Every structure is written in structure tokens, then in C-alpha cells.
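Reading through the C-alpha cells given below for one structure.
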Protein chains: 2
Amino acid sequence: MPRPNNPLLSAERIRRGALEIIDTLGLEELSMRRLAEHLGVRAASLYNHVATKDELLHDIANAVMDQVDVSGFEQDWATGLTIWARSYRAALAAHPNLVPFIASGPARREASLRRADAVHGGLTRAGWPQRYATMIGASTKYLVVGGAMGSFSAGFVDDAAVYDDRYPNLDHAHLLRRHASEIDNDSFELALAALIEGLHQLYGTLPAHGAPNSPEE
Amino acid sequence: MPRPNNPLLSAERIRRGALEIIDTLGLEELSMRRLAEHLGVRAASLYNHVATKDELLHDIANAVMDQVDVSGFEQDWATGLTIWARSYRAALAAHPNLVPFIASGPARREASLRRADAVHGGLTRAGWPQRYATMIGASTKYLVVGGAMGSFSAGFVDDAAVYDDRYPNLDHAHLLRRHASEIDNDSFELALAALIEGLHQLYGTLPAHGAPNSPEE
DNA sequence: ACCTGAACACCGTTCAAGT
DNA sequence: ACCTGAACACCGTTCAAGT
């Protein structure tokens, strides 16, 4: 007689295990065989719950991106942009090893479109022409992705000797690694503030702002 | 008697062949075996000229990055920043499939340090405190890398039907793919202009600008 | 319904053997 | 000096076989 015989695996458990490996060992170290081992199972078993490694990664990426908050656009556009950018950045920073994957692939999933719609809608409702709304959304994304990705300061090894006196302007470069995340965050905030400041100025010059959108392009 | 017997391969030819595969088929499609086939040779032969696949990729990345121009810092800092950012972006855009690799790994090579030194030096000579010079360099890099990377508009498939009426604010989203590179470029220029505008304002508030750098942090 | 051993078509890299 | 076949330790994925 057949019993419930509760299963060893589930899509959720697989996703969690995969993200653990990504966070601790890196994206390159994630293999279906290693993941299976991590879960006390054989590689083939994973395919009862997950179609493909690539789809698994997309599912994980979507879960990470669900932390992004676009609710601020119910207030003014600048608040919406700020909350969006910061929560977006925080979501990526929580899983830095996954950023290259999230940032390279296009995102055509439901939730991702809803977010894009909220950003675009928040900006156009505030009076930005469609074309500007698109560009502002793109610019902000560049800043977030670039900031989460490059981890600018990680490029400098934590060893003053490397720089000796050949690069006089980098005499403090060896300090960067230690304060990397702090500097990364400050740089991001600086750029975000400058961007929004610049946009505020541009906003004042818009012909029909506040009025219903004029056709453009 | 031994003759010159000129070799089939060279590091240069391997690099060129690899970049051809990356540009046409994508980074994921590059394998040492496929590269060898592309060059009319066997995989093992490559290792007479190249230490490792990873090192090969770094060498290619360095060649691409050699197109970046930091000479503008000999003029004013805003010109330097603009020329740097644009040439940086152009270098990456010339080989989009390589961007994830270039952007994820730290760059501790000679040429890369020279560029960082030129940027940092140009900014500090103009009166920016060290800490700001670091942040401005980082911010600009975020913009360039994010812009070259995400290819924001590629996230929207070129099919209006997908969006139907569920996302009213994305009613022009299907146009994005067609004008993707144009919008990407305009968004980048918008953000760069806003950043530099914001920095100009900040520059005016610096305590001792023009004077020798005051010690900080 | 779910797990698995075995297999297939791939990888990057090494190395003794050839010229 | 340079190219190569064969091998090693890996991949992602499929599938018939088991329970």
C-alpha cells in the first residue's frame, strides 16, 4: 500500500541550498552535482523539481529581486526614485556573487515588469515625459547595477607595497579594500544625490509639467 | 637539420580568435576546444602559448581596456571625467559579451593602475579632497559599467502583445528594443551630465579649493 | 511520486610522445 | 620549439529502472 513517503527535496529547498553555495563559495562553484551533494542527494534527483540549472538561477534571482521596493512612487518621484534605488542596491548587495547573473540576463518576468511599470508610471504621473521617464529609470539602474557589480574598491589589493612610489596619486589605495563597502556606499549615495539634484534642475525647465503628458518622440 | 618551421599559433592569434568567438557567439560559448577548432588546431596546443583560460580572458580584457582615454585630465577635471567615461563606455560597448567578465573581476594590472592613478591625480590636482576623488572615480565607473552591462532596454522583448493592457505605463516598451542602443546612450549621457552638474555645485562649496589638499579622514 | 546508476556529450588542463 | 592523443577529473542533462 502506498504511503505519503514525504520527499527529500522540494524546489524551495533546492533554491535555498543553491543560494547558500553561491553566497559562500561563489557562482562559479555552483554545480548541480555539488548542490546535490550539499543536499544529501544525487544530481539526477534535482531534475524532478527543477527544469534546468539556468531556470533555477532565474528563480533565485527573482526571489532576490522581490526585495526591491517601488512603493515610494506613491509619494513624489524623487522619493520613489531614492527608495527604489536604495532597496534595489540593498537586494543586490545581500548576494554579491549573484549580481553578475542578475545584471547580465534580461528580466522578462511578471514581477520585474510590475516594478518597471511602477517606476515608469510614477515618473510620468509626476509630469516627466515618457522619454525622460525611460532614461531616468535606465540611469538609476546603471548606478545600482554598476555599484553592486564592480565593487570598485575590490580592484585594489590590500598591500601598500604593490603601489610603492610608482603611482603617487594612489598612495592611499591600499586602504580602499578595508573600507570598501563603506566607500562603495558613499559613492553610490553621492552619485544618486547628484543625479536627483541634476534632475530637479531639469524638471524646472520642462514645458508642461504638472499638465497631462504631451506627446513626445 | 632543424628548420625555422614557423608555428601555427601565437598568443596574439589565440587572443584574436577567442575575442571573435566571444563577440559572435557569446562568452559562454567560448571553450578551449571550440577555440582550438576555430584556429585549426587541437585544444592541448593552446597551452603552449597561454597559461590558462582565465589568464587568456584577462589578457583580452586588458587589450580592450587599453582603449580607455584618461588624457583629458590634463585639462580640467570635468573634461577629464567626461572623456574618461565616454571612452570607457565605448571600449566596453565594442565587446558587450565581455562586459560581465571585465566588470566582475578586480583589475590589478599595470595599465589599469596607471589609469586609476591618472583619474585620481587629475581630480586631486583640481582641488578635490582625496576622499571625494575616490568617490567620484567610483561613481563614474558605476555609471559606465552599469550602462554597458545591464543593457537596460534589452530586458523588454520586442513584442507589444506581451504587455497588452496589464502594464499601462509600459505601452511603448516594445519600442525599446529597437532603439535600445540609442536610449542606452542617451540615458548614459543624461546621468553623466547630471552627475557632473551635481559635482560642480558641490565643488563650489569646498573649503580650500585651489589650495593644496587639506589632510582628510 | 520521487530517487538513482549509468550513460552521453561536453568541459579545462596535463603530460608523455612525437617532429 | 611546438603540436598532439590520451587521460583525468570534472560538467549539465536524460532515462530506464527501481521503490
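Convention: chains lettered A, B, ... in C-alpha cells order; per-chain residue numbering from 1; ligands numbered from 1 as shown.
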
What would you get as a short mmCIF file (atom, residue, chain, number, x, y, z; two decimals) with C-alpha atoms, in the first residue's frame if chain A were moved onto chain B by least squares over all of its C-alpha atoms in order?
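Just written: part.cif:
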data_model
loop_
_atom_site.label_atom_id
_atom_site.label_comp_id
_atom_site.auth_asym_id
_atom_site.auth_seq_id
_atom_site.Cartn_x
_atom_site.Cartn_y
_atom_site.Cartn_z
CA MET A 1 68.75 19.65 -39.58
CA PRO A 2 66.20 21.84 -37.68
CA ARG A 3 64.36 24.50 -39.67
CA PRO A 4 62.50 27.61 -38.47
CA ASN A 5 59.28 25.67 -39.06
CA ASN A 6 57.14 28.69 -38.25
CA PRO A 7 54.47 27.88 -35.68
CA LEU A 8 50.75 27.65 -36.31
CA LEU A 9 49.83 29.56 -33.21
CA SER A 10 50.79 32.65 -31.26
CA ALA A 11 49.36 34.25 -28.14
CA GLU A 12 48.15 37.11 -30.30
CA ARG A 13 46.35 34.84 -32.78
CA ILE A 14 44.74 32.96 -29.91
CA ARG A 15 43.54 36.18 -28.31
CA ARG A 16 42.07 37.38 -31.57
CA GLY A 17 40.32 34.10 -32.23
CA ALA A 18 38.90 34.00 -28.73
CA LEU A 19 37.56 37.54 -29.02
CA GLU A 20 35.93 36.64 -32.34
CA ILE A 21 34.07 33.79 -30.67
CA ILE A 22 33.10 35.99 -27.71
CA ASP A 23 31.81 38.74 -30.00
CA THR A 24 29.86 36.47 -32.30
CA LEU A 25 28.71 33.62 -30.06
CA GLY A 26 29.00 34.97 -26.55
CA LEU A 27 31.23 34.42 -23.56
CA GLU A 28 29.53 31.19 -22.54
CA GLU A 29 30.21 29.65 -25.93
CA LEU A 30 33.93 30.12 -25.67
CA SER A 31 35.65 26.86 -24.83
CA MET A 32 39.26 25.94 -25.34
CA ARG A 33 38.18 23.08 -27.58
CA ARG A 34 35.97 25.29 -29.71
CA LEU A 35 38.66 27.93 -29.89
CA ALA A 36 41.18 25.33 -31.01
CA GLU A 37 38.82 24.12 -33.70
CA HIS A 38 38.29 27.72 -34.82
CA LEU A 39 42.06 28.03 -35.20
CA GLY A 40 42.48 24.69 -36.97
CA VAL A 41 44.34 23.08 -34.13
CA ARG A 42 43.86 20.80 -31.13
CA ALA A 43 42.90 22.05 -27.68
CA ALA A 44 46.14 20.94 -26.03
CA SER A 45 48.17 23.07 -28.44
CA LEU A 46 46.76 26.26 -26.96
CA TYR A 47 48.58 25.59 -23.74
CA ASN A 48 51.92 26.10 -25.45
CA HIS A 49 51.06 29.80 -25.71
CA VAL A 50 48.56 30.50 -22.98
CA ALA A 51 48.75 29.46 -19.35
CA THR A 52 45.08 29.16 -18.69
CA LYS A 53 41.67 30.09 -20.02
CA ASP A 54 41.22 32.61 -17.24
CA GLU A 55 44.51 34.32 -17.98
CA LEU A 56 43.62 34.42 -21.66
CA LEU A 57 40.41 36.24 -20.78
CA HIS A 58 42.28 38.70 -18.58
CA ASP A 59 44.73 39.43 -21.38
CA ILE A 60 41.88 40.09 -23.78
CA ALA A 61 40.16 42.29 -21.22
CA ASN A 62 43.34 44.32 -20.77
CA ALA A 63 43.63 44.84 -24.50
CA VAL A 64 40.05 46.11 -24.62
CA MET A 65 40.64 48.40 -21.66
CA ASP A 66 43.69 49.92 -23.34
CA GLN A 67 41.26 51.93 -25.44
CA VAL A 68 40.27 53.95 -22.40
CA ASP A 69 41.49 57.53 -22.57
CA VAL A 70 42.48 59.40 -19.42
CA SER A 71 44.39 62.14 -21.20
CA GLY A 72 41.59 64.67 -20.67
CA PHE A 73 42.66 65.16 -17.06
CA GLU A 74 45.50 67.29 -18.36
CA GLN A 75 42.75 69.84 -18.96
CA ASP A 76 40.12 70.44 -16.27
CA TRP A 77 38.63 67.71 -14.11
CA ALA A 78 35.21 67.83 -15.77
CA THR A 79 36.72 67.36 -19.22
CA GLY A 80 38.91 64.56 -17.93
CA LEU A 81 35.94 62.84 -16.34
CA THR A 82 33.83 63.17 -19.47
CA ILE A 83 36.48 61.86 -21.86
CA TRP A 84 37.35 59.05 -19.48
CA ALA A 85 33.72 57.99 -19.02
CA ARG A 86 32.90 58.12 -22.73
CA SER A 87 35.98 56.25 -23.92
CA TYR A 88 35.51 53.71 -21.13
CA ARG A 89 31.94 53.17 -22.18
CA ALA A 90 32.89 52.93 -25.85
CA ALA A 91 35.55 50.33 -25.09
CA LEU A 92 33.04 48.15 -23.25
CA ALA A 93 30.31 48.68 -25.82
CA ALA A 94 32.65 47.42 -28.55
CA HIS A 95 32.60 43.98 -26.89
CA PRO A 96 29.38 43.73 -24.92
CA ASN A 97 29.68 39.99 -24.35
CA LEU A 98 32.91 40.54 -22.48
CA VAL A 99 31.51 43.17 -20.12
CA PRO A 100 30.37 40.76 -17.40
CA PHE A 101 33.89 39.36 -17.24
CA ILE A 102 35.62 42.74 -17.25
CA ALA A 103 33.22 44.15 -14.69
CA SER A 104 33.29 41.31 -12.19
CA GLY A 105 36.97 40.65 -11.76
CA PRO A 106 39.26 43.06 -9.95
CA ALA A 107 41.86 44.67 -12.17
CA ARG A 108 45.26 44.79 -10.58
CA ARG A 109 47.24 45.08 -13.77
CA GLU A 110 49.84 47.70 -14.50
CA ALA A 111 47.86 49.58 -17.13
CA SER A 112 44.74 49.58 -15.00
CA LEU A 113 46.61 51.10 -12.07
CA ARG A 114 48.08 53.76 -14.32
CA ARG A 115 44.59 54.76 -15.41
CA ALA A 116 43.30 54.81 -11.84
CA ASP A 117 46.26 56.96 -10.86
CA ALA A 118 45.58 59.39 -13.69
CA VAL A 119 41.93 59.76 -12.70
CA HIS A 120 42.70 60.16 -9.03
CA GLY A 121 45.56 62.52 -9.72
CA GLY A 122 43.55 64.65 -12.12
CA LEU A 123 40.82 65.08 -9.55
CA THR A 124 43.06 65.85 -6.57
CA ARG A 125 45.18 68.30 -8.61
CA ALA A 126 41.96 70.13 -9.40
CA GLY A 127 41.36 70.56 -5.69
CA TRP A 128 39.11 67.64 -4.83
CA PRO A 129 39.93 66.09 -1.47
CA GLN A 130 41.22 62.53 -1.68
CA ARG A 131 38.04 61.05 -0.37
CA TYR A 132 35.96 62.83 -2.97
CA ALA A 133 38.36 61.90 -5.72
CA THR A 134 37.86 58.27 -4.78
CA MET A 135 34.10 58.57 -4.68
CA ILE A 136 33.88 60.48 -7.95
CA GLY A 137 36.03 57.86 -9.68
CA ALA A 138 33.85 55.12 -8.25
CA SER A 139 30.57 56.81 -9.15
CA THR A 140 31.64 57.37 -12.72
CA LYS A 141 32.75 53.78 -13.02
CA TYR A 142 29.38 52.62 -11.70
CA LEU A 143 27.65 54.57 -14.40
CA VAL A 144 29.86 53.22 -17.16
CA VAL A 145 29.80 49.62 -16.03
CA GLY A 146 26.11 49.63 -15.25
CA GLY A 147 25.35 51.21 -18.58
CA ALA A 148 27.49 48.83 -20.58
CA MET A 149 26.30 45.86 -18.63
CA GLY A 150 22.64 45.71 -17.99
CA SER A 151 21.78 46.91 -21.43
CA PHE A 152 18.67 48.10 -19.70
CA SER A 153 16.42 48.08 -22.67
CA ALA A 154 17.29 44.54 -23.65
CA GLY A 155 15.02 43.48 -20.81
CA PHE A 156 11.96 44.27 -22.85
CA VAL A 157 11.06 41.84 -25.58
CA ASP A 158 10.13 43.30 -28.92
CA ASP A 159 6.55 42.18 -28.84
CA ALA A 160 3.80 44.53 -27.88
CA ALA A 161 1.40 41.67 -27.20
CA VAL A 162 3.30 40.63 -24.10
CA TYR A 163 2.40 43.84 -22.34
CA ASP A 164 -1.20 44.10 -23.54
CA ASP A 165 -3.06 46.26 -21.08
CA ARG A 166 -1.73 44.94 -17.82
CA TYR A 167 1.07 47.48 -17.63
CA PRO A 168 -0.44 50.73 -18.79
CA ASN A 169 2.75 52.68 -18.16
CA LEU A 170 4.81 50.44 -20.38
CA ASP A 171 2.71 50.93 -23.47
CA HIS A 172 5.76 51.91 -25.45
CA ALA A 173 8.02 49.30 -23.96
CA HIS A 174 8.07 47.20 -27.10
CA LEU A 175 9.79 50.04 -28.89
CA LEU A 176 12.69 49.95 -26.49
CA ARG A 177 14.45 47.01 -28.02
CA ARG A 178 14.57 48.61 -31.43
CA HIS A 179 16.05 51.85 -30.11
CA ALA A 180 17.93 50.15 -27.33
CA SER A 181 21.43 51.37 -28.03
CA GLU A 182 20.22 54.90 -28.70
CA ILE A 183 18.29 55.02 -25.45
CA ASP A 184 21.15 53.43 -23.57
CA ASN A 185 23.46 56.10 -24.85
CA ASP A 186 21.11 58.97 -24.12
CA SER A 187 20.48 57.65 -20.61
CA PHE A 188 24.19 57.40 -20.01
CA GLU A 189 24.75 60.95 -21.23
CA LEU A 190 21.87 62.23 -19.12
CA ALA A 191 23.27 60.63 -15.99
CA LEU A 192 26.81 61.78 -16.75
CA ALA A 193 25.65 65.36 -17.30
CA ALA A 194 23.59 65.29 -14.10
CA LEU A 195 26.50 63.85 -12.14
CA ILE A 196 28.94 66.47 -13.38
CA GLU A 197 26.40 69.22 -12.82
CA GLY A 198 25.87 68.01 -9.26
CA LEU A 199 29.63 67.83 -8.73
CA HIS A 200 30.13 71.36 -10.01
CA GLN A 201 27.72 72.59 -7.37
CA LEU A 202 29.50 70.60 -4.69
CA TYR A 203 32.85 71.89 -5.92
CA GLY A 204 31.81 75.46 -5.22
CA THR A 205 31.25 74.58 -1.57
CA LEU A 206 34.71 73.07 -1.00
CA PRO A 207 36.57 74.96 1.76
CA ALA A 208 40.07 75.25 0.31
CA HIS A 209 39.68 74.59 -3.38
CA GLY A 210 42.61 75.49 -5.54
CA ALA A 211 44.85 75.39 -2.47
CA PRO A 212 47.04 72.37 -1.71
CA ASN A 213 44.98 69.43 -0.46
CA SER A 214 43.94 69.63 3.12
CA PRO A 215 44.31 66.35 5.04
CA GLU A 216 41.03 64.50 5.30
CA GLU A 217 39.41 61.37 6.76
#

Write out as a PyMOL selection string the set of residues from region 10-211 of chain A that DSSP, computed on the backbone, places in helix (DSSP H, G or I). chain A and resi 11-25+27-29+32-38+43-46+53-65+71-74+77-93+96-104+110-125+130-150+152-155+160-163+168-170+173-175+180-204

Expected answer as a ChimeraX atom specification: chain D residues within 9 Å of chain A, only C-alpha atoms (C1' of nucleotides): /D:11-14
